[in-house]
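Have a look at my_file30.cif; it's mmCIF, C-alpha atoms:
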```
data_final
#
loop_
_atom_site.label_atom_id
_atom_site.label_comp_id
_atom_site.auth_asym_id
_atom_site.auth_seq_id
_atom_site.Cartn_x
_atom_site.Cartn_y
_atom_site.Cartn_z
CA MET A 403 20.41 -3.78 56.25
CA ASN A 404 18.13 -0.82 57.21
CA SER A 405 14.93 -0.01 55.40
CA THR A 406 16.19 3.16 53.72
CA GLN A 407 19.20 1.38 52.27
CA LEU A 408 17.06 -1.53 51.20
CA HIS A 409 14.67 0.75 49.48
CA SER A 410 17.08 3.07 47.76
CA GLU A 411 18.38 0.10 45.78
CA ALA A 412 15.03 -1.47 45.02
CA THR A 413 12.17 -0.19 42.95
CA ASN A 414 8.58 -1.33 42.64
CA GLU A 415 5.52 -0.62 40.56
CA LEU A 416 4.35 2.11 42.94
CA TYR A 417 7.61 3.87 43.79
CA GLU A 418 8.85 4.03 40.20
CA MET A 419 6.03 6.50 39.57
CA LEU A 420 6.79 8.72 42.58
CA SER A 421 9.17 11.63 43.05
CA PRO A 422 12.29 11.17 45.23
CA GLU A 423 10.68 13.44 47.85
CA LEU A 424 7.60 11.23 48.13
CA ARG A 425 9.74 8.10 48.29
CA ALA A 426 11.71 9.67 51.12
CA GLU A 427 8.45 10.45 52.93
CA LEU A 428 7.33 6.86 52.61
CA ALA A 429 10.73 5.59 53.67
CA ARG A 430 10.19 7.23 57.08
CA SER A 431 7.32 4.82 57.81
CA GLU A 432 8.69 1.74 56.09
CA ARG A 433 9.77 -1.44 57.74
CA SER A 434 11.64 -4.17 55.91
CA MET A 435 11.93 -7.81 56.83
CA ILE A 436 12.50 -11.32 55.55
CA VAL A 437 9.46 -13.57 55.75
CA PRO A 438 9.60 -17.37 55.51
CA LYS A 439 7.88 -19.50 52.90
CA GLY A 440 4.18 -19.86 53.51
CA THR A 441 3.65 -16.42 55.06
CA ALA A 442 0.22 -14.92 54.39
CA LEU A 443 1.01 -11.41 53.18
CA ILE A 444 -2.59 -10.60 52.28
CA GLN A 445 -5.62 -12.59 53.42
CA GLN A 446 -9.01 -12.69 51.80
CA GLY A 447 -11.57 -10.92 53.95
CA VAL A 448 -9.00 -9.33 56.25
CA LEU A 449 -8.36 -5.62 55.93
CA PRO A 450 -4.59 -5.21 55.59
CA GLU A 451 -2.87 -2.94 58.04
CA HIS A 452 0.06 -2.38 55.71
CA LEU A 453 0.89 -1.96 52.09
CA VAL A 454 3.17 -4.89 51.23
CA ILE A 455 5.99 -4.44 48.72
CA VAL A 456 7.85 -7.51 47.53
CA ASN A 457 11.56 -6.72 47.18
CA SER A 458 12.66 -10.22 46.31
CA GLY A 459 11.30 -13.74 46.28
CA LYS A 460 8.16 -15.20 44.79
CA VAL A 461 4.54 -15.07 45.93
CA ALA A 462 1.33 -16.77 44.84
CA VAL A 463 -1.91 -14.87 44.36
CA THR A 464 -4.99 -17.03 44.77
CA LEU A 465 -8.72 -16.62 44.90
CA ASN A 466 -10.80 -18.69 47.32
CA CYS A 467 -13.84 -20.22 45.73
CA ALA A 468 -15.97 -22.36 48.06
CA ARG A 469 -14.05 -25.65 48.37
CA ARG A 470 -11.17 -24.77 46.03
CA SER A 471 -8.56 -22.18 45.40
CA ALA A 472 -7.91 -20.65 41.97
CA SER A 473 -4.41 -19.57 41.14
CA LEU A 474 -4.39 -16.09 39.64
CA ASP A 475 -0.76 -15.11 39.35
CA TYR A 476 2.76 -15.64 40.53
CA SER A 477 4.52 -12.42 41.36
CA GLY A 478 7.92 -11.36 42.49
CA ALA A 479 10.13 -8.38 43.05
CA GLY A 480 8.45 -5.03 42.53
CA LYS A 481 4.87 -6.10 43.11
CA VAL A 482 2.75 -4.09 45.57
CA PHE A 483 -0.21 -5.61 47.45
CA GLY A 484 -2.97 -4.18 49.60
CA MET A 485 -3.56 -1.08 47.49
CA ARG A 486 -7.16 -1.83 46.54
CA ALA A 487 -8.25 -2.43 50.09
CA MET A 488 -6.47 0.69 51.31
CA VAL A 489 -7.95 3.03 48.76
CA SER A 490 -11.47 1.64 48.70
CA GLY A 491 -11.80 0.30 52.24
CA GLU A 492 -13.12 -2.97 50.80
CA LEU A 493 -11.84 -6.28 52.09
CA PRO A 494 -9.38 -8.13 49.84
CA GLU A 495 -10.79 -10.86 47.62
CA ILE A 496 -7.41 -12.52 47.15
CA ASN A 497 -4.75 -14.30 49.18
CA VAL A 498 -1.07 -13.55 48.70
CA THR A 499 1.32 -16.13 50.11
CA SER A 500 5.10 -16.32 49.93
CA LEU A 501 6.34 -19.34 47.98
CA ALA A 502 9.88 -18.97 49.26
CA PRO A 503 11.63 -16.73 51.80
CA CYS A 504 10.87 -13.19 50.63
CA SER A 505 12.25 -9.79 51.40
CA ILE A 506 9.34 -7.41 51.86
CA THR A 507 8.81 -3.81 52.86
CA THR A 508 5.65 -2.71 54.62
CA VAL A 509 4.13 0.75 54.88
CA PRO A 510 1.43 1.26 57.54
CA ARG A 511 -2.01 1.95 56.16
CA ASP A 512 -2.51 5.17 58.16
CA ALA A 513 0.83 6.60 57.05
CA PHE A 514 0.07 5.82 53.41
CA LEU A 515 -3.40 7.33 53.55
CA VAL A 516 -2.10 10.52 55.19
CA LEU A 517 0.49 10.86 52.45
CA LEU A 518 -2.15 10.17 49.78
CA LYS A 519 -4.39 12.89 51.18
CA SER A 520 -1.66 15.50 51.16
CA ASN A 521 -0.14 14.40 47.84
CA PRO A 522 -3.03 13.50 45.54
CA GLU A 523 -0.68 13.07 42.60
CA ILE A 524 0.05 9.67 44.11
CA TYR A 525 -3.38 8.60 42.86
CA PHE A 526 -2.00 8.29 39.35
CA ALA A 527 0.58 5.82 40.57
CA VAL A 528 -2.14 4.03 42.54
CA ALA A 529 -4.30 3.84 39.41
CA LYS A 530 -1.41 2.30 37.46
CA VAL A 531 -0.93 -0.41 40.08
CA LEU A 532 -4.65 -1.19 40.13
CA SER A 533 -4.74 -1.24 36.32
CA THR A 534 -2.08 -3.92 36.29
CA ASP A 535 -4.14 -6.07 38.65
CA LEU A 536 -7.22 -5.62 36.48
CA LYS A 537 -5.31 -6.54 33.32
CA ILE A 538 -4.17 -9.76 34.97
CA ALA A 539 -7.73 -10.61 36.01
CA ASP A 540 -9.10 -9.90 32.53
CA ARG A 541 -6.37 -12.02 30.98
CA ILE A 542 -7.36 -14.90 33.23
CA LEU A 543 -10.96 -14.56 32.15
CA ARG A 544 -9.81 -14.72 28.56
CA ASP A 545 -7.84 -17.90 29.18
CA ASN A 546 -10.12 -19.33 31.87
CA SER A 547 -10.18 -22.97 30.95
CA ARG A 548 -6.43 -23.38 31.46
CA ARG A 549 -6.10 -21.46 34.69
CA PHE A 550 -7.83 -23.57 37.31
CA PRO A 551 -5.55 -26.48 38.16
CA GLY A 552 -7.06 -29.32 40.17
CA GLY A 553 -10.71 -29.43 41.14
CA ASN A 554 -13.41 -30.92 39.03
CA ARG A 555 -14.42 -29.09 35.88
CA SER A 556 -17.20 -31.00 34.18
CA ARG A 557 -16.13 -29.96 30.70
CA PRO A 558 -13.88 -27.35 29.14
CA SER A 559 -15.34 -23.91 28.69
CA LYS A 560 -16.43 -23.37 25.12
CA THR A 561 -15.02 -19.88 25.10
CA VAL A 562 -11.42 -20.96 25.38
CA MET B 827 -35.33 12.97 20.69
CA ALA B 828 -34.44 10.38 18.05
CA TYR B 829 -32.73 8.18 20.64
CA HIS B 830 -35.47 8.50 23.26
CA PHE B 831 -33.25 9.94 25.97
CA GLN B 832 -32.23 13.42 26.96
CA ILE B 833 -28.74 14.37 25.78
CA VAL B 834 -26.90 16.02 28.66
CA GLU B 835 -24.40 18.53 27.29
CA ASP B 836 -23.52 20.16 30.59
CA CYS B 837 -22.13 17.89 33.32
CA LEU B 838 -22.77 20.62 35.89
CA LYS B 839 -26.48 20.34 35.23
CA CYS B 840 -26.67 16.56 34.96
CA ALA B 841 -29.44 15.09 37.12
CA PHE B 842 -27.79 11.64 37.26
CA ARG B 843 -24.42 12.77 38.50
CA GLU B 844 -24.80 11.75 42.10
CA GLN B 845 -25.76 8.19 41.23
CA SER B 846 -22.72 7.70 39.04
CA LEU B 847 -19.54 5.89 40.07
CA PHE B 848 -17.36 8.54 38.46
CA CYS B 849 -19.26 11.76 37.92
CA ASP B 850 -20.08 12.74 41.50
CA LEU B 851 -17.13 15.14 41.61
CA SER B 852 -16.39 18.49 43.21
CA GLN B 853 -17.59 21.63 41.46
CA GLN B 854 -14.01 22.53 40.46
CA ALA B 855 -13.41 19.12 38.94
CA LEU B 856 -16.72 19.26 37.09
CA VAL B 857 -15.84 22.61 35.58
CA ARG B 858 -12.58 21.12 34.33
CA LEU B 859 -14.38 18.01 33.08
CA GLN B 860 -16.78 20.18 31.14
CA SER B 861 -13.87 21.86 29.38
CA ILE B 862 -12.02 18.70 28.37
CA LYS B 863 -14.83 16.38 27.34
CA ALA B 864 -16.53 16.00 23.98
CA THR B 865 -20.12 14.73 24.06
CA SER B 866 -21.33 12.28 21.44
CA VAL B 867 -24.32 10.05 20.95
CA TYR B 868 -23.86 6.57 19.53
CA PRO B 869 -26.29 4.07 18.04
CA LYS B 870 -26.48 0.47 19.18
CA GLY B 871 -23.46 -1.48 17.94
CA ALA B 872 -21.03 1.45 17.85
CA LEU B 873 -17.42 0.55 18.66
CA LEU B 874 -15.91 2.96 21.16
CA CYS B 875 -12.64 1.12 21.72
CA LEU B 876 -10.98 -1.68 19.79
CA GLU B 877 -8.95 -4.36 21.55
CA GLY B 878 -5.29 -3.89 20.75
CA GLN B 879 -5.68 -0.30 19.60
CA SER B 880 -3.43 2.39 21.09
CA PRO B 881 -5.38 4.37 23.65
CA ARG B 882 -6.73 7.68 22.44
CA GLY B 883 -8.59 8.48 25.61
CA VAL B 884 -11.48 7.39 27.80
CA PHE B 885 -15.23 7.40 27.38
CA VAL B 886 -17.47 8.29 30.30
CA LEU B 887 -20.69 6.41 29.64
CA CYS B 888 -23.54 8.79 30.46
CA THR B 889 -26.53 6.90 29.14
CA GLY B 890 -26.98 3.42 27.78
CA ARG B 891 -24.88 0.29 28.25
CA ALA B 892 -21.88 -1.18 26.54
CA LYS B 893 -20.30 -4.62 26.44
CA LEU B 894 -16.61 -5.19 26.98
CA SER B 895 -15.35 -8.18 25.06
CA THR B 896 -12.04 -9.78 24.33
CA THR B 897 -10.78 -12.54 22.09
CA SER B 898 -9.36 -15.79 23.47
CA SER B 899 -6.23 -17.40 22.07
CA GLU B 900 -8.56 -19.69 20.10
CA GLY B 901 -10.23 -16.74 18.45
CA LYS B 902 -13.48 -16.92 20.41
CA SER B 903 -15.16 -13.78 21.65
CA ILE B 904 -15.64 -13.55 25.40
CA ILE B 905 -17.71 -10.89 27.08
CA LEU B 906 -15.92 -9.67 30.17
CA ARG B 907 -18.76 -7.56 31.53
CA VAL B 908 -21.43 -5.02 30.71
CA ALA B 909 -20.71 -1.40 31.56
CA GLU B 910 -23.45 0.71 33.13
CA PRO B 911 -23.96 4.51 33.00
CA GLY B 912 -21.42 6.40 35.03
CA GLU B 913 -18.50 4.10 34.20
CA VAL B 914 -15.30 5.19 32.56
CA LEU B 915 -14.36 2.98 29.60
CA GLY B 916 -10.79 2.52 28.41
CA LEU B 917 -9.50 3.46 31.84
CA THR B 918 -6.82 0.79 32.18
CA ALA B 919 -5.30 1.63 28.82
CA ALA B 920 -5.38 5.38 29.39
CA VAL B 921 -3.71 5.09 32.79
CA SER B 922 -1.07 2.56 31.78
CA GLY B 923 -0.52 3.77 28.22
CA SER B 924 -0.89 0.23 26.92
CA PRO B 925 -3.34 -0.83 24.18
CA TYR B 926 -7.03 -1.23 24.96
CA GLU B 927 -7.54 -4.63 26.60
CA ALA B 928 -11.08 -5.02 25.38
CA THR B 929 -13.40 -3.95 22.59
CA VAL B 930 -16.21 -1.74 23.83
CA GLU B 931 -19.46 -1.86 21.87
CA THR B 932 -22.69 -0.10 22.74
CA LEU B 933 -25.63 -2.40 23.44
CA GLU B 934 -28.17 0.32 22.90
CA PRO B 935 -28.24 4.00 21.84
CA SER B 936 -25.86 5.68 24.25
CA GLN B 937 -24.33 8.99 25.18
CA ALA B 938 -20.65 9.01 26.04
CA ASN B 939 -18.22 11.82 26.84
CA PHE B 940 -14.79 11.36 25.30
CA ILE B 941 -11.72 12.72 27.09
CA ALA B 942 -8.37 12.63 25.31
CA GLN B 943 -5.70 10.61 27.11
CA SER B 944 -3.35 13.47 27.91
CA ASP B 945 -6.22 15.60 29.23
CA PHE B 946 -7.49 12.70 31.33
CA VAL B 947 -4.11 11.95 32.89
CA ARG B 948 -3.67 15.64 33.80
CA PHE B 949 -7.21 15.68 35.19
CA LEU B 950 -6.41 12.64 37.32
CA GLN B 951 -3.18 14.13 38.62
CA GLU B 952 -4.64 17.52 39.49
CA PHE B 953 -7.88 16.62 41.25
CA PRO B 954 -7.71 14.25 44.25
CA ASP B 955 -11.39 13.41 44.05
CA VAL B 956 -10.91 12.30 40.45
CA GLY B 957 -8.01 10.13 41.53
CA LEU B 958 -10.13 8.56 44.23
CA LYS B 959 -13.01 7.90 41.82
CA VAL B 960 -10.66 6.30 39.31
CA ALA B 961 -9.13 4.12 42.00
CA ARG B 962 -12.58 3.09 43.19
CA GLN B 963 -13.74 2.23 39.70
CA LEU B 964 -10.65 0.13 39.05
CA THR B 965 -11.28 -1.60 42.36
CA HIS B 966 -14.90 -2.21 41.40
CA ASN B 967 -13.88 -3.58 37.98
CA CYS B 968 -11.33 -5.87 39.58
CA LYS B 969 -13.90 -7.11 42.05
CA CYS B 970 -16.28 -7.89 39.17
CA ALA B 971 -13.50 -9.71 37.31
CA TYR B 972 -12.66 -11.82 40.38
CA GLU B 973 -16.34 -12.61 40.80
CA GLU B 974 -16.45 -13.77 37.18
CA ILE B 975 -13.34 -15.87 37.67
CA ARG B 976 -14.89 -17.44 40.74
CA SER B 977 -18.12 -18.04 38.88
CA LEU B 978 -16.59 -19.44 35.70
CA GLY B 979 -14.11 -21.54 37.61
CA LEU B 980 -16.59 -23.20 39.87
CA SER B 981 -20.03 -23.16 38.40
CA ASN B 982 -20.52 -26.67 37.15
CA SER B 983 -23.71 -26.12 35.25
CA VAL B 984 -25.04 -23.68 32.74
CA PRO B 985 -28.32 -23.26 34.67
CA GLU B 986 -26.30 -22.13 37.68
CA LYS B 987 -24.21 -19.70 35.63
CA LEU B 988 -27.30 -18.30 33.92
CA ALA B 989 -29.22 -18.01 37.20
CA LYS B 990 -26.26 -16.15 38.72
CA LEU B 991 -26.14 -13.77 35.78
CA ILE B 992 -29.88 -13.07 35.93
CA LEU B 993 -29.70 -12.45 39.68
CA ARG B 994 -26.82 -10.04 39.14
CA TRP B 995 -28.83 -8.15 36.54
CA ALA B 996 -31.70 -8.03 39.01
CA GLU B 997 -29.60 -5.64 41.09
CA HIS B 998 -30.58 -3.01 38.49
CA PRO B 999 -34.26 -3.73 37.93
CA LEU B 1000 -36.66 -1.99 35.61
CA GLU B 1001 -39.52 -0.05 37.12
CA LEU B 1002 -42.66 -1.28 35.39
CA SER B 1003 -46.15 -0.35 36.50
CA SER B 1004 -47.51 -3.63 35.11
CA LYS B 1005 -45.36 -5.92 37.22
CA LYS B 1006 -46.59 -7.63 40.39
CA PRO B 1007 -44.96 -6.88 43.77
CA ASN B 1008 -42.97 -10.14 43.96
CA GLU B 1009 -41.73 -9.90 40.37
CA THR B 1010 -38.52 -8.28 39.19
CA ALA B 1011 -38.32 -6.87 35.69
CA LEU B 1012 -35.04 -6.54 33.81
CA ARG B 1013 -34.02 -5.02 30.53
CA VAL B 1014 -31.78 -7.50 28.71
CA THR B 1015 -30.20 -6.15 25.56
CA LEU B 1016 -27.74 -8.99 25.08
CA THR B 1017 -28.56 -11.59 22.46
CA GLN B 1018 -28.52 -15.27 23.39
CA GLU B 1019 -25.22 -15.56 21.55
CA GLU B 1020 -23.77 -12.75 23.69
CA ILE B 1021 -25.11 -14.34 26.87
CA ALA B 1022 -23.42 -17.56 25.77
CA GLN B 1023 -20.13 -15.68 25.30
CA PHE B 1024 -20.56 -14.19 28.74
CA ILE B 1025 -21.00 -17.47 30.60
CA GLY B 1026 -18.83 -19.70 28.46
CA THR B 1027 -21.28 -21.93 26.67
CA SER B 1028 -23.09 -22.20 23.35
CA ARG B 1029 -26.10 -20.25 22.15
CA GLU B 1030 -28.06 -23.49 21.82
CA THR B 1031 -27.45 -24.34 25.47
CA VAL B 1032 -28.52 -20.87 26.58
CA SER B 1033 -31.67 -21.22 24.52
CA ARG B 1034 -32.41 -24.63 26.02
CA VAL B 1035 -31.82 -23.49 29.61
CA LEU B 1036 -33.88 -20.35 29.14
CA ALA B 1037 -36.74 -22.40 27.74
CA SER B 1038 -36.46 -24.62 30.80
CA PHE B 1039 -36.60 -21.58 33.14
CA ARG B 1040 -39.69 -20.31 31.35
CA ARG B 1041 -41.38 -23.71 31.42
CA LYS B 1042 -40.78 -24.03 35.15
CA GLY B 1043 -42.19 -20.57 35.79
CA TYR B 1044 -38.92 -18.97 36.95
CA LEU B 1045 -38.91 -16.37 34.25
CA ARG B 1046 -41.07 -14.60 31.68
CA VAL B 1047 -39.37 -13.27 28.56
CA LYS B 1048 -41.03 -10.67 26.36
CA GLY B 1049 -38.56 -9.16 23.90
CA ALA B 1050 -35.90 -7.34 25.87
CA THR B 1051 -37.95 -7.40 29.08
CA TRP B 1052 -37.34 -10.37 31.32
CA THR B 1053 -39.41 -10.77 34.44
CA ILE B 1054 -38.22 -12.91 37.33
CA LEU B 1055 -41.31 -14.74 38.60
CA ASN B 1056 -39.62 -17.07 41.07
CA ARG B 1057 -36.47 -15.54 42.49
CA ARG B 1058 -36.10 -18.20 45.17
CA ALA B 1059 -35.93 -20.92 42.54
CA LEU B 1060 -33.09 -19.10 40.76
CA GLU B 1061 -31.27 -18.54 44.05
CA ASN B 1062 -31.55 -22.25 44.84
CA LEU B 1063 -29.71 -23.04 41.62
CA VAL B 1064 -26.70 -21.06 42.80
CA THR B 1065 -24.60 -23.32 44.99
CA THR B 1066 -21.15 -21.69 44.62
#
```
Starting from the file, lay out its structure as structure tokens.
Amino acid sequence: MNSTQLHSEATNELYEMLSPELRAELARSERSMIVPKGTALIQQGVLPEHLVIVNSGKVAVTLNCARRSASLDYSGAGKVFGMRAMVSGELPEINVTSLAPCSITTVPRDAFLVLLKSNPEIYFAVAKVLSTDLKIADRILRDNSRRFPGGNRSRPSKTV
Amino acid sequence: MAYHFQIVEDCLKCAFREQSLFCDLSQQALVRLQSIKATSVYPKGALLCLEGQSPRGVFVLCTGRAKLSTTSSEGKSIILRVAEPGEVLGLTAAVSGSPYEATVETLEPSQANFIAQSDFVRFLQEFPDVGLKVARQLTHNCKCAYEEIRSLGLSNSVPEKLAKLILRWAEHPLELSSKKPNETALRVTLTQEEIAQFIGTSRETVSRVLASFRRKGYLRVKGATWTILNRRALENLVTT
């Protein structure tokens, strides 16, 4: 299955906000593949070279904290990763790992940034993706005592 | 000046623009911003956004600070973070069209510029530098949230959490002529109850730990001015 065909049938949280022309532009740089379980799609502290779009399958989003790992979210089809690092240049704070074989589409960082520069309206779509990530993080803070499986918490947080 | 700060009506003439996360925009964007914003001054305790409310727009915090809080499923209030001047409040809701995720309350007399949602979205779509600033602020907010998650998830003790919070506040120190060279002065407008909500403990525990810090000479507290006397001691408490 080629990347254009794969992408014309699938949508994601970034593309659903873009015009058909912009999607076609992105499709020129896309590459789609199947990755096995356990693949590190995004690594904490490593600047991603691609935007990663999950077409199907399930991934885990975790946050490294000293000796432990905190589970932030489980995501699937339609989720886009690497956006924050691309737009801000900051290294990712999270890890994204496939929990099962996943179909993903990647867009090279340089190609995405060139398109962003010449089509600034994409920023609105970018902002929506980043907003979703922030909402998830804030929700975790709200429910914090139930979201850190394993490890040794001395006592439950009094805020939850 | 009833509120003891200069009200800035004209963004084009604002002296603090360049230090702000959002406001350091191109001239064109600033001219547009000037035409779509409404300037207001708020007393301490004013509610700018209410959690769960449909978004009306965003507030660009010009002066003062505001706390963002949310309610847990058990009905307890949790402070997510404190917003500093230059931040855009209500951003997530305005961009996504979903209800405000947090209640925003001013911690001190503040000036904020309100921009209606539709105007803000158009502003974001038309000016690339605005889009970039918004993306950077969302990134910054996310980074702060992850840092909080890391901190709340791992800090085993209240002294460590409180030391971490004080050290974070120390990144924006007060300039006081009376302080000694190795001291760091902070303005803390949160109550002990609010600090407790921030770090996930009780007011009594915060009070006890603070008293301990003062007794050991780590900190001096005089009203809203806290002075770090022994920064190394606070840093040694932070193990995660």
Using only C-alpha atoms, determine which residues of chain B fall within 8 Å of chain A; present them as a PyMOL selection string. chain B and resi 896-900+902-904+906+918+921-922+927+947+950-954+957-958+960-962+964-965+967-969+971-972+974-976+978-980+982+1023+1026-1028+1066
CA of Ser944 (chain B) and CA of Lys481 (chain A), how far apart in Å?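 According to the coordinates, CA of Lys481 (chain A) and CA of Ser944 (chain B) are separated by 26.1 Å.
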For Ala864 (chain B): contacts at 7 Å, only C-alpha atoms, fewer than 2 positions along chain excluded, given as an MDAnalysis selection string: chainID B and resid 862 866 939:941
Prev. selection, C-alpha atoms, output as an mmCIF file, in the frame of the given file:
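Saved to again.cif:
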```cif
data_model
loop_
_atom_site.group_PDB
_atom_site.id
_atom_site.type_symbol
_atom_site.label_atom_id
_atom_site.label_comp_id
_atom_site.auth_asym_id
_atom_site.auth_seq_id
_atom_site.Cartn_x
_atom_site.Cartn_y
_atom_site.Cartn_z
ATOM 1 C CA ILE B 862 -12.020 18.700 28.370
ATOM 2 C CA SER B 866 -21.330 12.280 21.440
ATOM 3 C CA ASN B 939 -18.220 11.820 26.840
ATOM 4 C CA PHE B 940 -14.790 11.360 25.300
ATOM 5 C CA ILE B 941 -11.720 12.720 27.090
#
```
Would you pick out the contacts of Ala479 (chain A) at 10 Å or less, using only C-alpha atoms, so that residues sharing its chain but fewer than 4 positions from it are not included, and give the list as a ChimeraX atom specification? /A:412-415,455-461,504-506
At what distance in Å, to one decimal, does CA of Pro911 (chain B) lie from CA of Asn1056 (chain B)? 27.9 Å
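If only C-alpha atoms are the atoms counted, then among B:Ala942, B:Val914, B:Leu874, B:Ile992 the closest residue to Ile1021 (chain B) is B:Ile992.
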Residues matched by the PyMOL selection byres ((chain A and resi 498) around 7) as a PDB file with C-alpha atoms, in the frame of the given file:
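Contents of the output file expr-v1.pdb:
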```
ATOM      1  CA  ALA A 442       0.220 -14.920  54.390  1.00  0.00           C
ATOM      2  CA  LEU A 443       1.010 -11.410  53.180  1.00  0.00           C
ATOM      3  CA  ILE A 444      -2.590 -10.600  52.280  1.00  0.00           C
ATOM      4  CA  GLN A 445      -5.620 -12.590  53.420  1.00  0.00           C
ATOM      5  CA  VAL A 461       4.540 -15.070  45.930  1.00  0.00           C
ATOM      6  CA  ALA A 462       1.330 -16.770  44.840  1.00  0.00           C
ATOM      7  CA  VAL A 463      -1.910 -14.870  44.360  1.00  0.00           C
ATOM      8  CA  THR A 464      -4.990 -17.030  44.770  1.00  0.00           C
ATOM      9  CA  ILE A 496      -7.410 -12.520  47.150  1.00  0.00           C
ATOM     10  CA  ASN A 497      -4.750 -14.300  49.180  1.00  0.00           C
ATOM     11  CA  THR A 499       1.320 -16.130  50.110  1.00  0.00           C
ATOM     12  CA  SER A 500       5.100 -16.320  49.930  1.00  0.00           C
TER      13      SER A 500
END
```
Provide the CA of Thr508 (chain A) to CA of Val454 (chain A) distance in Å, to one decimal place. 4.7 Å
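Once the PyMOL selection byres ((chain A and resi 447) around 6) is applied to the shown structure, the selection contains Gln446, Val448, Leu493 and Pro494 of chain A.
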